[in-house]
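Student: Compact mmCIF, C-alpha atoms, saved as protein.txt, coming up:
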```txt
# COMPACT_ATOMS: atom_id res chain seq x y z
CA MET A 851 80.54 -24.33 -14.97
CA ASP A 852 80.66 -26.61 -11.93
CA SER A 853 83.13 -24.27 -10.20
CA TYR A 854 80.36 -21.67 -9.89
CA LYS A 855 78.31 -24.10 -7.81
CA GLU A 856 80.97 -23.90 -5.12
CA LEU A 857 80.83 -20.11 -4.84
CA LEU A 858 79.09 -18.29 -2.02
CA ASP A 859 76.19 -15.98 -2.85
CA ALA A 860 78.36 -12.91 -2.16
CA GLN A 861 80.93 -14.11 -4.68
CA LEU A 862 78.25 -14.74 -7.29
CA ILE A 863 76.77 -11.28 -6.72
CA ARG A 864 80.21 -9.73 -7.18
CA LEU A 865 80.55 -11.55 -10.52
CA LEU A 866 76.98 -10.63 -11.45
CA LYS A 867 77.84 -6.96 -10.98
CA GLN A 868 80.58 -7.47 -13.56
CA GLY A 869 78.03 -8.80 -16.05
CA ASP A 870 78.92 -12.48 -15.61
CA LYS A 871 76.09 -14.47 -17.22
CA VAL A 872 77.23 -17.78 -15.75
CA ALA A 873 77.04 -16.30 -12.24
CA PHE A 874 73.52 -15.10 -13.02
CA ALA A 875 72.57 -18.58 -14.27
CA GLU A 876 73.91 -20.12 -11.05
CA ILE A 877 71.93 -17.66 -8.90
CA TYR A 878 68.83 -18.50 -10.94
CA ASP A 879 69.42 -22.25 -10.56
CA ARG A 880 69.88 -21.90 -6.80
CA TYR A 881 66.82 -19.82 -6.07
CA ALA A 882 64.24 -19.70 -8.89
CA ILE A 883 62.38 -22.90 -7.97
CA MET A 884 62.29 -22.04 -4.28
CA VAL A 885 61.01 -18.50 -4.90
CA TYR A 886 58.51 -19.73 -7.51
CA TYR A 887 57.17 -22.28 -5.07
CA LYS A 888 56.68 -19.66 -2.34
CA VAL A 889 55.09 -17.14 -4.73
CA ASN A 890 52.74 -19.80 -6.11
CA GLN A 891 51.74 -20.74 -2.56
CA MET A 892 50.62 -17.13 -2.10
CA LEU A 893 49.03 -16.53 -5.51
CA LYS A 894 47.81 -20.04 -6.36
CA ASP A 895 48.24 -19.09 -10.01
CA GLU A 896 51.06 -20.83 -11.89
CA GLU A 897 51.19 -18.43 -14.86
CA ALA A 898 51.14 -15.30 -12.69
CA SER A 899 53.81 -16.85 -10.46
CA LYS A 900 56.05 -17.69 -13.44
CA ASP A 901 55.65 -14.15 -14.79
CA LEU A 902 56.51 -12.69 -11.40
CA ILE A 903 59.64 -14.84 -11.09
CA GLN A 904 60.75 -13.87 -14.60
CA ASP A 905 60.25 -10.21 -13.73
CA LEU A 906 62.13 -10.61 -10.44
CA PHE A 907 65.19 -12.24 -12.00
CA THR A 908 65.19 -9.82 -14.94
CA SER A 909 65.29 -7.04 -12.37
CA ILE A 910 68.17 -8.74 -10.55
CA TRP A 911 70.16 -8.81 -13.80
CA ASP A 912 69.27 -5.22 -14.70
CA LYS A 913 69.85 -3.78 -11.23
CA ALA A 914 72.71 -5.94 -9.99
CA ASP A 915 74.64 -2.83 -8.91
CA HIS A 916 71.99 -2.14 -6.24
CA ILE A 917 72.41 -5.53 -4.53
CA ARG A 918 74.76 -5.52 -1.57
CA GLU A 919 77.25 -8.38 -1.67
CA GLU A 920 77.16 -8.87 2.08
CA ALA A 921 73.34 -9.02 2.22
CA ASN A 922 71.49 -12.26 2.92
CA PHE A 923 70.49 -12.97 -0.67
CA ALA A 924 67.74 -15.44 0.28
CA GLY A 925 66.22 -12.76 2.51
CA TYR A 926 66.56 -10.20 -0.28
CA LEU A 927 64.69 -12.51 -2.67
CA TYR A 928 61.97 -13.16 -0.09
CA ILE A 929 61.35 -9.44 0.43
CA ALA A 930 61.53 -8.64 -3.30
CA SER A 931 59.13 -11.44 -4.26
CA ARG A 932 56.72 -10.60 -1.43
CA ASN A 933 56.65 -6.95 -2.51
CA ARG A 934 55.88 -7.99 -6.09
CA VAL A 935 53.07 -10.25 -4.89
CA LEU A 936 51.59 -7.38 -2.88
CA LYS A 937 51.75 -5.07 -5.90
CA LEU A 938 50.13 -7.70 -8.11
CA ILE A 939 47.35 -8.25 -5.60
CA GLN A 940 46.76 -4.52 -5.32
CA LYS A 941 46.84 -4.03 -9.08
CA HIS A 942 44.41 -6.81 -9.88
CA LYS A 943 42.34 -6.60 -6.72
CA THR A 944 42.95 -10.29 -6.23
CA LYS A 945 40.36 -12.42 -4.44
CA ASN A 946 40.06 -12.05 -0.68
CA ASP A 947 41.22 -15.61 -0.07
CA TYR A 948 44.61 -14.73 -1.59
CA LEU A 949 44.87 -11.76 0.75
CA THR A 950 43.94 -13.95 3.70
CA GLU A 951 46.52 -16.54 2.69
CA LEU A 952 49.20 -13.89 2.26
CA GLY A 953 48.33 -12.40 5.65
CA LYS A 954 48.70 -15.76 7.37
CA TYR A 955 51.98 -16.42 5.56
CA SER A 956 53.48 -13.01 6.33
CA SER A 957 52.47 -13.02 9.98
CA ASP A 958 54.19 -16.35 10.59
CA ILE A 959 57.60 -14.97 9.64
CA SER A 960 59.07 -11.76 10.99
CA TYR A 961 61.43 -9.60 8.94
CA GLU A 962 64.24 -10.47 11.34
CA THR A 963 63.63 -14.20 10.91
CA VAL A 964 63.84 -13.88 7.13
CA HIS A 965 67.37 -12.56 7.37
CA LYS A 966 68.41 -15.42 9.61
CA LEU A 967 66.98 -18.17 7.44
CA ASP A 968 69.07 -19.96 4.91
CA GLU A 969 66.10 -20.59 2.65
CA ARG A 970 68.05 -22.60 0.13
CA GLU A 971 69.08 -25.00 2.87
CA MET A 972 65.50 -25.10 4.14
CA MET A 973 64.12 -26.07 0.74
CA LEU A 974 66.78 -28.74 0.34
CA ILE A 975 65.87 -30.16 3.75
CA ILE A 976 62.16 -30.15 2.91
CA LEU A 977 62.70 -31.72 -0.52
CA ASN A 978 65.02 -34.31 1.01
CA GLU A 979 62.43 -35.23 3.65
CA ILE A 980 59.74 -35.52 0.96
CA THR A 981 61.91 -38.05 -0.91
CA LYS A 982 61.98 -40.21 2.24
CA LEU A 983 58.21 -40.66 2.27
CA PRO A 984 56.87 -44.06 1.14
CA PRO A 985 56.57 -44.03 -2.69
CA LYS A 986 52.76 -43.86 -3.02
CA MET A 987 52.45 -41.32 -0.21
CA ARG A 988 55.22 -39.22 -1.78
CA GLU A 989 53.49 -39.28 -5.17
CA VAL A 990 50.17 -38.14 -3.68
CA PHE A 991 51.88 -35.43 -1.60
CA GLN A 992 53.83 -34.06 -4.55
CA LEU A 993 50.70 -33.92 -6.72
CA SER A 994 48.84 -32.15 -3.92
CA ARG A 995 51.40 -29.71 -2.58
CA LEU A 996 53.94 -29.23 -5.34
CA GLU A 997 51.63 -29.44 -8.36
CA ASN A 998 48.59 -27.99 -6.56
CA LEU A 999 46.15 -30.65 -7.80
CA SER A 1000 42.89 -31.10 -5.91
CA HIS A 1001 42.11 -34.34 -4.08
CA LYS A 1002 39.55 -35.13 -6.79
CA GLU A 1003 42.11 -34.60 -9.59
CA ILE A 1004 44.68 -36.76 -7.81
CA ALA A 1005 42.13 -39.53 -7.20
CA ALA A 1006 41.20 -39.56 -10.90
CA LYS A 1007 44.84 -39.47 -12.01
CA LEU A 1008 45.95 -42.31 -9.72
CA ASN A 1009 42.66 -44.27 -9.86
CA ILE A 1010 42.19 -44.19 -6.08
CA SER A 1011 39.46 -42.72 -3.85
CA GLU A 1012 39.43 -39.14 -2.64
CA ALA A 1013 39.37 -40.47 0.93
CA THR A 1014 42.64 -42.31 0.24
CA VAL A 1015 44.17 -39.15 -1.20
CA ARG A 1016 43.06 -37.11 1.83
CA LYS A 1017 44.48 -39.73 4.23
CA GLN A 1018 47.80 -39.94 2.33
CA VAL A 1019 48.19 -36.14 2.40
CA GLN A 1020 47.37 -35.99 6.13
CA ASN A 1021 49.82 -38.80 6.87
CA SER A 1022 52.52 -37.08 4.78
CA LEU A 1023 52.02 -33.80 6.63
CA GLY A 1024 52.14 -35.58 9.98
CA ILE A 1025 55.41 -37.31 9.14
CA LEU A 1026 57.01 -34.18 7.66
CA LYS A 1027 55.89 -31.86 10.47
CA THR A 1028 57.34 -34.24 13.06
CA THR A 1029 60.61 -34.60 11.16
CA LEU A 1030 60.98 -30.90 10.36
CA GLY A 1031 59.92 -29.68 13.80
CA LYS A 1032 63.51 -30.03 14.99
CA TYR A 1033 64.59 -27.27 12.58
CA SER A 1034 62.80 -24.58 14.64
CA PRO A 1035 62.15 -21.57 12.34
CA LEU A 1036 62.38 -23.88 9.36
CA GLY A 1037 59.61 -25.97 10.83
CA VAL A 1038 57.47 -22.86 11.34
CA LEU A 1039 57.97 -21.87 7.73
CA PHE A 1040 57.14 -25.41 6.70
CA LEU A 1041 53.82 -25.19 8.52
CA ALA A 1042 53.02 -21.96 6.70
CA LEU A 1043 53.75 -23.48 3.29
CA PHE A 1044 52.26 -26.93 3.80
CA LYS A 1045 49.09 -26.25 5.73
CA GLU A 1046 46.39 -28.91 5.78
```
Write out the structure in this file as structure tokens.
Tutor:
Amino acid sequence: MDSYKELLDAQLIRLLKQGDKVAFAEIYDRYAIMVYYKVNQMLKDEEASKDLIQDLFTSIWDKADHIREEANFAGYLYIASRNRVLKLIQKHKTKNDYLTELGKYSSDISYETVHKLDEREMMLIILNEITKLPPKMREVFQLSRLENLSHKEIAAKLNISEATVRKQVQNSLGILKTTLGKYSPLGVLFLALFKE
């Protein structure tokens, strides 16, 4: 229902605690892609990331009573997904480069900052800025950063050189970093997610 789209997170959580499936679907629609994207940036494994997101949202449904209505839900999701990533890494003794990546990511954002961020708004801003890139540059950037294709794979797919791909990605990052720099902590988070 469209009326659910207008509700605040706290209102949706209240409905979720009453077993409202439409409220749960709205929460999922608001946050699943954003959380998946962040988890996949840390794990660099699409299947493991999808499994983790499914587990996270199943847990939200099952344990809705434990979620405080007044809590920053985006911050809650960040902490919950990060904890699951850490457990997965520990369980599978994931490669050192994942640990390094996670360390860089975590150190860029303090716990306090997480609670102040409106991550949904941040992702909308980032996605909106990506749509403003020139068409070819946007296509290369999306293949590189959103679909995690290598420069070689993108070059083959688009029938262009790897050097062109590299230049398009660098130009995209330059434009986006400049544009998003005005959002302060959002810009910092952007740098952590879209490193060169």
Student: Each residue of region 870-907 of chain A with at least one atom at most 9 Å from region 986-1000 of chain A should appear once, together with its nearest atom pair and the corresponding distance in Å (one decimal); atoms considered: only C-alpha atoms; ordering: chain, then increasing residue number; output as JSON lines.
Tutor:
```
{"residue": "A:Tyr887", "atom": "CA", "partner": "A:Leu996", "partner_atom": "CA", "distance": 7.7}
{"residue": "A:Gln891", "atom": "CA", "partner": "A:Asn998", "partner_atom": "CA", "distance": 8.9}
{"residue": "A:Lys894", "atom": "CA", "partner": "A:Asn998", "partner_atom": "CA", "distance": 8.0}
```
Student: Which residue, A:Asn1021, A:Thr1029, A:Gln868, A:Ser931, has the smallest gap to Lys888 (chain A) when you use only C-alpha atoms?
Tutor: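 Ranked by minimum distance to Lys888 (chain A), first place goes to A:Ser931.
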Student: Which one is closest to Phe923 (chain A): A:Asn1009, A:Gln861, A:Asn978, A:Asn890? Count all atoms listed in the file.
Tutor: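 The closest residue to Phe923 (chain A) is A:Gln861.
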Student: My list of candidates is A:Ile903, A:Ile1025, A:Ile1004, A:Ile910. Which is closest to Met884 (chain A) when distances are computed with all atoms listed in the file?
Tutor: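 Closest residue, counting all atoms listed in the file: A:Ile903.
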Student: Within 12 Å of (79.9, -19.0, -12.5) (coordinates as in the file), grab all the protein and nucleic acid residues, counting all atoms listed in the file, and write them out as a list in words.
Tutor: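 So the residues meeting the distance criterion are Met851, Asp852, Ser853, Tyr854, Lys855, Glu856, Leu857, Leu858, Asp859, Gln861, Leu862, Ile863, Arg864, Leu865, Leu866, Gln868, Gly869, Asp870, Lys871, Val872, Ala873, Phe874, Ala875, Glu876, Ile877, Tyr878, Asp879 and Arg880 of chain A.
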Student: How many Å separate CA of Lys913 (chain A) from CA of Asp895 (chain A)?
Tutor: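 Distance between the two atoms: 26.5 Å.
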Student: For Leu1023 (chain A), which residue among A:Ile980, A:Leu1008, A:Leu927, A:Asp905 is the nearest when counting all atoms listed in the file?
Tutor: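 Among the listed residues, the smallest separation from Leu1023 (chain A) belongs to A:Ile980.
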Student: Calculate how many Å separate CA of Leu983 (chain A) from CA of Ser1022 (chain A), rounding to one decimal.
Tutor: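 Spanning CA of Leu983 (chain A) to CA of Ser1022 (chain A) is a straight-line distance of 7.2 Å.
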Student: Mind pulling up the distance from CA of Val1015 (chain A) to CA of Lys1002 (chain A)?
Tutor: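 These two atoms are separated by 8.3 Å.
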Student: Kindly indicate which residue among A:Ala860, A:Val885, A:Leu902, A:Ile976 lies nearest to Tyr928 (chain A), using only C-alpha atoms for the distances.
Tutor: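 Under the stated criterion, the closest residue is A:Val885.
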Student: What are the centre and the three edge lengths of an axis-aligned box that wraps all atoms of region 1020-1025 of chain A in the file, given that 6 Å is added to every side, written as AutoDock Vina command-line options and rounded to one decimal in Å?
Tutor:
```
--center_x 51.4 --center_y -36.3 --center_z 7.4 --size_x 20.0 --size_y 17.0 --size_z 17.2
```
Student: Could you check the closest approach to Leu1026 (chain A) for each of A:Ser909, A:Thr981, A:Asn922, A:Ser899 and tell me which residue wins, using all atoms listed in the file?
Tutor: A:Thr981
